[in-house]
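Note: the block below is input28.cif and it holds mmCIF, C-alpha atoms.
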data_work
loop_
_atom_site.label_atom_id
_atom_site.label_comp_id
_atom_site.auth_asym_id
_atom_site.auth_seq_id
_atom_site.Cartn_x
_atom_site.Cartn_y
_atom_site.Cartn_z
CA ALA W 980 -94.56 50.92 -78.66
CA PRO W 981 -95.46 50.24 -82.27
CA VAL W 982 -91.87 48.99 -82.88
CA ALA W 983 -92.07 46.71 -79.87
CA LYS W 984 -95.29 45.23 -81.17
CA LEU W 985 -93.66 44.63 -84.54
CA LEU W 986 -90.65 42.82 -83.01
CA CYS W 987 -92.85 40.61 -80.87
CA ALA W 988 -95.16 39.64 -83.68
CA PRO W 989 -94.80 36.00 -84.87
CA ALA W 990 -92.93 35.49 -88.12
CA ALA W 991 -94.99 34.57 -91.13
CA GLU W 992 -94.89 30.84 -91.87
CA ASP W 993 -92.92 29.82 -94.94
CA GLU W 994 -94.38 26.63 -96.36
CA SER W 995 -91.07 25.71 -98.03
CA SER W 996 -89.31 25.62 -94.62
CA GLN W 997 -91.74 23.16 -93.09
CA PRO W 998 -90.49 19.56 -92.63
CA ALA W 999 -91.76 17.01 -95.10
CA PRO W 1000 -94.49 14.66 -93.88
CA PHE W 1001 -93.17 11.56 -92.12
CA GLN W 1002 -92.80 8.55 -94.43
CA ASP W 1003 -92.00 4.90 -93.82
CA GLU W 1004 -88.96 4.92 -96.11
CA TYR W 1005 -86.03 7.20 -96.76
CA VAL W 1006 -84.07 7.16 -100.03
CA GLU W 1007 -80.40 7.52 -99.15
CA PRO W 1008 -78.55 9.67 -101.70
CA ALA W 1009 -75.88 7.93 -103.75
CA ARG W 1010 -72.31 8.74 -102.73
CA SER W 1011 -68.76 7.52 -103.17
CA ILE W 1012 -67.05 5.82 -100.23
CA PRO W 1013 -63.33 5.12 -99.77
CA VAL W 1014 -61.77 1.69 -100.11
CA SER W 1015 -60.18 1.39 -96.68
CA ASP W 1016 -58.33 -1.86 -97.36
CA THR W 1017 -57.69 -4.73 -99.76
CA CYS W 1018 -56.62 -8.31 -99.05
CA ASP W 1019 -56.57 -11.81 -100.44
CA VAL W 1020 -58.77 -13.32 -97.73
CA LEU W 1021 -61.27 -11.42 -95.61
CA VAL W 1022 -62.70 -13.22 -92.59
CA VAL W 1023 -65.79 -11.70 -90.96
CA GLY W 1024 -66.35 -12.73 -87.34
CA GLY W 1025 -63.52 -13.17 -84.85
CA GLY W 1026 -64.76 -16.09 -82.76
CA PRO W 1027 -62.98 -19.48 -82.59
CA ALA W 1028 -64.03 -20.28 -86.18
CA GLY W 1029 -62.96 -16.89 -87.53
CA LEU W 1030 -59.66 -16.99 -85.66
CA SER W 1031 -58.93 -20.43 -87.07
CA ALA W 1032 -59.83 -19.42 -90.62
CA ALA W 1033 -57.79 -16.21 -90.50
CA VAL W 1034 -54.72 -17.81 -88.95
CA ALA W 1035 -54.84 -20.71 -91.41
CA ALA W 1036 -55.16 -18.37 -94.41
CA ALA W 1037 -52.29 -16.17 -93.25
CA ARG W 1038 -50.03 -19.15 -92.61
CA ALA W 1039 -50.78 -20.36 -96.13
CA GLY W 1040 -49.34 -17.09 -97.47
CA ALA W 1041 -52.49 -15.06 -98.14
CA SER W 1042 -52.76 -11.46 -97.03
CA THR W 1043 -55.56 -11.78 -94.48
CA MET W 1044 -57.86 -9.40 -92.64
CA LEU W 1045 -60.15 -10.26 -89.72
CA ILE W 1046 -63.22 -8.10 -88.96
CA GLU W 1047 -64.98 -8.27 -85.59
CA ARG W 1048 -67.91 -6.20 -84.36
CA HIS W 1049 -66.84 -6.26 -80.71
CA GLY W 1050 -63.68 -4.82 -79.16
CA CYS W 1051 -61.93 -8.15 -78.80
CA PHE W 1052 -61.52 -11.48 -80.56
CA GLY W 1053 -62.68 -14.78 -79.12
CA GLY W 1054 -66.42 -14.78 -79.79
CA CYS W 1055 -68.39 -16.95 -77.39
CA ILE W 1056 -65.29 -17.46 -75.26
CA THR W 1057 -64.56 -13.81 -74.49
CA THR W 1058 -67.89 -12.03 -74.98
CA VAL W 1059 -70.23 -14.73 -73.65
CA GLY W 1060 -67.98 -16.53 -71.16
CA MET W 1061 -68.14 -20.02 -72.69
CA GLU W 1062 -64.74 -20.95 -71.28
CA THR W 1063 -63.90 -24.06 -73.25
CA LEU W 1064 -63.17 -25.33 -76.73
CA GLY W 1065 -63.61 -29.00 -75.90
CA TRP W 1066 -66.04 -29.58 -73.02
CA TYR W 1067 -66.68 -33.01 -74.54
CA ARG W 1068 -63.06 -34.14 -74.05
CA TYR W 1069 -63.39 -37.04 -71.64
CA GLU W 1070 -60.71 -39.57 -70.78
CA GLY W 1071 -60.33 -42.11 -73.56
CA VAL W 1072 -61.83 -39.94 -76.30
CA VAL W 1073 -59.95 -40.30 -79.59
CA GLU W 1074 -59.13 -36.93 -81.07
CA CYS W 1075 -56.59 -35.12 -83.21
CA GLU W 1076 -53.61 -33.82 -81.26
CA THR W 1077 -52.93 -31.03 -83.73
CA GLY W 1078 -54.87 -28.17 -85.23
CA ILE W 1079 -55.48 -24.52 -84.42
CA GLY W 1080 -58.17 -25.33 -81.85
CA MET W 1081 -55.72 -27.39 -79.80
CA GLU W 1082 -53.11 -24.72 -80.37
CA MET W 1083 -55.41 -22.09 -78.85
CA GLU W 1084 -55.94 -24.19 -75.75
CA ARG W 1085 -52.26 -25.03 -75.31
CA MET W 1086 -51.19 -21.42 -75.82
CA ALA W 1087 -53.68 -20.31 -73.18
CA ALA W 1088 -52.33 -22.97 -70.81
CA ARG W 1089 -48.72 -21.88 -71.38
CA MET W 1090 -49.70 -18.27 -70.68
CA GLY W 1091 -51.42 -19.23 -67.43
CA GLY W 1092 -54.92 -18.61 -68.72
CA THR W 1093 -56.55 -21.99 -67.98
CA VAL W 1094 -57.53 -24.33 -65.18
CA LYS W 1095 -58.25 -28.06 -65.44
CA TRP W 1096 -61.92 -29.00 -65.76
CA PRO W 1097 -63.00 -30.99 -62.69
CA PHE W 1098 -64.61 -33.92 -64.48
CA ASN W 1099 -62.90 -34.30 -67.85
CA SER W 1100 -59.54 -33.67 -69.53
CA SER W 1101 -60.40 -30.29 -71.05
CA GLU W 1102 -58.76 -27.03 -70.08
CA CYS W 1103 -61.18 -24.39 -68.77
CA LEU W 1104 -60.22 -21.08 -70.38
CA ASP W 1105 -60.10 -17.76 -68.58
CA ALA W 1106 -62.54 -15.78 -70.75
CA ASP W 1107 -60.92 -12.41 -70.09
CA TYR W 1108 -57.39 -13.71 -70.51
CA PHE W 1109 -58.26 -15.38 -73.79
CA LYS W 1110 -58.55 -11.90 -75.32
CA ILE W 1111 -54.77 -11.70 -74.98
CA VAL W 1112 -54.31 -15.21 -76.36
CA ALA W 1113 -56.42 -14.32 -79.40
CA ASP W 1114 -54.41 -11.13 -79.97
CA HIS W 1115 -51.19 -13.15 -79.94
CA LEU W 1116 -52.60 -15.63 -82.46
CA VAL W 1117 -53.64 -12.82 -84.79
CA SER W 1118 -50.43 -10.79 -84.55
CA ASP W 1119 -48.10 -13.82 -84.72
CA ALA W 1120 -49.80 -15.01 -87.92
CA GLY W 1121 -49.63 -11.56 -89.53
CA VAL W 1122 -53.41 -11.14 -89.73
CA LYS W 1123 -54.61 -7.54 -89.99
CA PRO W 1124 -57.29 -6.92 -87.33
CA LEU W 1125 -60.27 -4.58 -87.57
CA LEU W 1126 -62.35 -4.32 -84.39
CA HIS W 1127 -65.53 -2.39 -83.54
CA THR W 1128 -66.62 -2.84 -87.16
CA ILE W 1129 -69.92 -4.07 -88.64
CA VAL W 1130 -70.42 -5.42 -92.15
CA VAL W 1131 -73.53 -3.79 -93.61
CA GLU W 1132 -73.44 -4.77 -97.29
CA ALA W 1133 -71.76 -7.08 -99.77
CA ILE W 1134 -69.86 -5.93 -102.87
CA HIS W 1135 -70.62 -7.75 -106.11
CA GLU W 1136 -68.50 -7.50 -109.25
CA GLY W 1137 -68.99 -9.66 -112.31
CA GLY W 1138 -71.39 -11.94 -110.49
CA ALA W 1139 -68.90 -12.69 -107.72
CA LEU W 1140 -68.41 -11.48 -104.16
CA ALA W 1141 -65.59 -8.93 -104.22
CA GLY W 1142 -65.64 -7.59 -100.67
CA VAL W 1143 -67.89 -5.91 -98.14
CA ILE W 1144 -68.99 -2.48 -97.01
CA VAL W 1145 -68.30 -1.76 -93.36
CA GLU W 1146 -69.20 0.88 -90.82
CA ASN W 1147 -67.26 1.88 -87.72
CA LYS W 1148 -66.06 4.98 -85.88
CA SER W 1149 -64.26 6.11 -89.05
CA GLY W 1150 -67.49 6.04 -91.02
CA ARG W 1151 -68.54 3.96 -94.01
CA SER W 1152 -65.96 2.34 -96.28
CA ALA W 1153 -65.30 -0.66 -98.51
CA VAL W 1154 -62.94 -3.59 -97.98
CA ARG W 1155 -62.07 -5.42 -101.18
CA ALA W 1156 -61.05 -9.09 -101.05
CA LYS W 1157 -60.47 -11.99 -103.42
CA ARG W 1158 -62.19 -14.35 -100.98
CA VAL W 1159 -64.63 -13.63 -98.16
CA ILE W 1160 -65.21 -16.15 -95.36
CA ASP W 1161 -68.36 -15.77 -93.27
CA CYS W 1162 -67.70 -16.70 -89.63
CA THR W 1163 -70.35 -14.43 -88.14
CA GLY W 1164 -72.32 -17.33 -86.70
CA ASP W 1165 -75.51 -15.90 -88.20
CA ALA W 1166 -74.66 -16.11 -91.93
CA ASP W 1167 -74.68 -12.29 -92.08
CA VAL W 1168 -72.37 -11.99 -95.07
CA ALA W 1169 -73.95 -14.92 -96.88
CA TYR W 1170 -77.37 -13.31 -96.48
CA LEU W 1171 -76.16 -9.89 -97.63
CA ALA W 1172 -74.49 -11.53 -100.62
CA GLY W 1173 -77.81 -13.04 -101.71
CA ALA W 1174 -77.24 -16.63 -100.66
CA ARG W 1175 -80.33 -18.68 -99.93
CA CYS W 1176 -80.83 -18.84 -96.17
CA THR W 1177 -83.28 -20.92 -94.16
CA LYS W 1178 -84.66 -20.03 -90.74
CA ARG W 1179 -85.73 -23.12 -88.85
CA ASP W 1180 -88.75 -23.36 -86.61
CA ARG W 1181 -88.09 -22.06 -83.11
CA ARG W 1182 -88.29 -25.55 -81.63
CA GLU W 1183 -85.61 -26.81 -84.02
CA ARG W 1184 -83.06 -24.05 -83.51
CA MET W 1185 -79.93 -24.32 -81.40
CA GLY W 1186 -80.21 -23.06 -77.86
CA VAL W 1187 -78.53 -19.80 -76.91
CA SER W 1188 -75.40 -20.18 -74.79
CA THR W 1189 -76.43 -18.21 -71.71
CA VAL W 1190 -73.47 -18.03 -69.33
CA PHE W 1191 -72.93 -16.03 -66.17
CA SER W 1192 -70.11 -15.63 -63.67
CA CYS W 1193 -70.39 -14.95 -59.96
CA SER W 1194 -68.19 -14.33 -56.94
CA GLY W 1195 -68.51 -15.06 -53.24
CA VAL W 1196 -69.05 -18.78 -53.87
CA ASP W 1197 -67.76 -21.47 -51.52
CA LYS W 1198 -66.02 -23.37 -54.31
CA GLN W 1199 -65.09 -26.42 -52.24
CA ALA W 1200 -68.64 -26.81 -50.94
CA PHE W 1201 -69.92 -26.63 -54.51
CA ILE W 1202 -67.45 -29.27 -55.71
CA ASP W 1203 -68.31 -31.50 -52.74
CA TYR W 1204 -72.01 -31.18 -53.61
CA THR W 1205 -71.49 -32.15 -57.25
CA GLU W 1206 -69.44 -35.17 -56.13
CA THR W 1207 -72.17 -36.22 -53.70
CA ASN W 1208 -74.93 -35.58 -56.30
CA PRO W 1209 -73.23 -36.43 -59.61
CA ALA W 1210 -75.07 -35.57 -62.82
CA THR W 1211 -74.54 -37.40 -66.12
CA TYR W 1212 -75.62 -37.10 -69.72
CA LYS W 1213 -78.48 -39.44 -68.90
CA THR W 1214 -79.63 -36.92 -66.29
CA TRP W 1215 -80.23 -34.35 -69.03
CA SER W 1216 -83.16 -36.39 -70.33
CA ARG W 1217 -84.74 -37.26 -66.98
CA ARG W 1218 -87.29 -34.43 -67.26
CA GLY W 1219 -89.17 -35.92 -70.18
CA GLY W 1220 -86.94 -34.72 -72.99
CA GLU W 1221 -86.54 -31.04 -72.08
CA TRP W 1222 -82.81 -31.37 -72.69
CA CYS W 1223 -82.96 -34.63 -74.57
CA GLN W 1224 -79.53 -35.63 -75.83
CA GLN W 1225 -79.14 -38.07 -78.69
CA THR W 1226 -76.36 -40.43 -77.70
CA ALA W 1227 -75.20 -43.92 -78.57
CA ASP W 1228 -75.93 -45.00 -74.95
CA LYS W 1229 -72.23 -45.47 -74.18
CA GLU W 1230 -71.98 -41.75 -73.28
CA GLU W 1231 -74.83 -41.71 -70.76
CA HIS W 1232 -72.57 -42.35 -67.75
CA LEU W 1233 -70.26 -39.40 -68.53
CA ARG W 1234 -70.29 -36.56 -66.02
CA SER W 1235 -72.18 -33.37 -66.85
CA PRO W 1236 -72.69 -29.96 -65.19
CA PHE W 1237 -76.48 -30.34 -65.34
CA LEU W 1238 -78.02 -28.40 -62.43
CA GLN W 1239 -81.60 -27.72 -63.50
CA GLU W 1240 -83.24 -29.09 -60.36
CA GLU W 1241 -80.93 -27.02 -58.16
CA PHE W 1242 -81.66 -23.83 -60.07
CA GLU W 1243 -85.40 -24.45 -59.79
CA LYS W 1244 -85.07 -24.84 -56.01
CA ALA W 1245 -83.04 -21.63 -55.83
#

Can you turn what I pasted into structure tokens?
Amino acid sequence: APVAKLLCAPAAEDESSQPAPFQDEYVEPARSIPVSDTCDVLVVGGGPAGLSAAVAAARAGASTMLIERHGCFGGCITTVGMETLGWYRYEGVVECETGIGMEMERMAARMGGTVKWPFNSSECLDADYFKIVADHLVSDAGVKPLLHTIVVEAIHEGGALAGVIVENKSGRSAVRAKRVIDCTGDADVAYLAGARCTKRDRRERMGVSTVFSCSGVDKQAFIDYTETNPATYKTWSRRGGEWCQQTADKEEHLRSPFLQEEFEKA
């Protein structure tokens, strides 16, 4: 019995084993990290801008790497569903017939990944299929891809930007580059590098591209409705400036997919 009592007795508290009091900050110990890659040009952000920058750099002869935080390239096209590069392309618009942007659209069309927009001359991209188009652009140009990767810090050497520190499933590592191009859309690398950044008032910022897809829609009935109740750029401003568009008046008759009144009724 005395032994049993001894075994069941609580252990004496050791003050040195107690956790430290909670603090608002934690000092991360210094450590060495591997340099996972080096290149001439490092592009951060694999949306349409990043794809264009990386492909252009590689075609110019630079060893190029493209970092993207998601599991695919394409940015707003593939991860948001904004299925166009040129929604403004109406009949009679003067534009350049060359360039990587046009190349993206034409490649998608050749691969069967587009449909014609109903009210202008743009090609509507298949958001999911464009992932394949983007992969072809990257591989054909010889760009080295790095997906599922986030840039967390900038590397400075001699007063210049010399690369970035990244984190992904493989851990934390450095990517060294002679030139770094920020195509994150949020100036992430520029901010980490110490560049002066300005955050505008909420009312002056760009609107977020909120896109959704749905099934079970009577497509023909929808098209018939939009033909019977056509919306134009002028319609965008009919609600007292909620979606006020600054135009040169000559654009006000152009067709637009503005459906605010219909959504409010729904």

The distance between atom CA of W:Ile1202 and atom CA of W:Pro1097 is 8.5 Å

Spell out the residues picked by the PyMOL selection byres ((chain W and resi 1127) around 8) here, as a list in words.
Glu1047, Arg1048, His1049, Gly1050, Leu1125, Leu1126, Thr1128, Ile1129, Asn1147 and Lys1148 of chain W

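Across the structure, atom CA of W:Tyr1204 and atom CA of W:Cys1103 are spaced 19.8 Å apart.
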
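Shortest separation to W:Ala1036 among W:Met1081, W:Cys1162, W:Val1143, W:Ala1120 occurs at residue W:Ala1120, atoms counted being only C-alpha atoms.
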
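Of the residues listed (W:Val1117, W:Cys1051, W:Met1044, W:Ala1156), W:Ala1156 shows the shortest atom-to-atom separation from W:Ala1139; distances use only C-alpha atoms.
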
Using only C-alpha atoms, the residue out of W:Ala1009, W:Val1034, W:Val1014, W:Val1020 with shortest distance to W:Asp1119 is W:Val1034

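Proximity to W:Thr1093 was assessed for W:Phe1109, W:Phe1001, W:Phe1237, W:Tyr1212 counting all atoms listed in the file; the smallest distance is recorded for W:Phe1109.
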
The distance between atom CA of W:Ile1046 and atom CA of W:Thr1077 is 25.7 Å

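Compared by their closest atoms to W:Glu1136, and using all atoms listed in the file, the residues W:Ile1111, W:Ser1152, W:Arg1010, W:Ala1172 rank with W:Ala1172 nearest.
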
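Matched in the shown structure by the PyMOL selection byres ((chain W and resi 1060) around 8): Cys1055, Ile1056, Thr1057, Thr1058, Val1059, Met1061, Glu1062, Ala1106, Val1190, Phe1191 and Ser1192 of chain W.
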
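Using only C-alpha atoms, the smallest distance between any of W:Tyr1005, W:Ala1169, W:Val1131, W:Gly1054 and W:Ala1153 comes from W:Val1131.
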
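Once the PyMOL selection byres ((chain W and resi 1208) around 12) is applied to this file, the selection holds Phe1201, Ile1202, Asp1203, Tyr1204, Thr1205, Glu1206, Thr1207, Pro1209, Ala1210, Thr1211, Thr1214, Arg1234, Ser1235, Pro1236, Phe1237, Leu1238, Glu1240 and Glu1241 of chain W.
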
Kindly provide the residues of stretch 1011-1079 of chain W that approach stretch 1083-1091 of chain W to within 12 Å, each paired with its closest atom pair and their distance in Å to one decimal, based on all atoms listed in the file, listed by chain and increasing number, as a tab-separated table.
residue	atom	partner	partner_atom	distance
W:Gly1026	CA	W:Met1083	CA	11.8
W:Pro1027	CA	W:Met1083	CA	8.8
W:Ala1028	CA	W:Met1083	CA	11.5
W:Leu1030	CA	W:Met1083	CA	9.5
W:Ser1031	CA	W:Met1083	CA	9.1
W:Val1034	CA	W:Met1083	CA	11.0
W:Gly1053	CA	W:Met1083	CA	10.3
W:Ile1056	CA	W:Met1083	CA	11.5
W:Glu1062	CA	W:Glu1084	CA	10.4
W:Thr1063	CA	W:Glu1084	CA	8.3
W:Leu1064	CA	W:Glu1084	CA	7.4
W:Gly1065	CA	W:Glu1084	CA	9.1
W:Trp1066	CA	W:Glu1084	CA	11.8
W:Glu1076	CA	W:Arg1085	CA	10.7
W:Thr1077	CA	W:Arg1085	CA	10.4
W:Gly1078	CA	W:Met1083	CA	8.8
W:Ile1079	CA	W:Met1083	CA	6.1
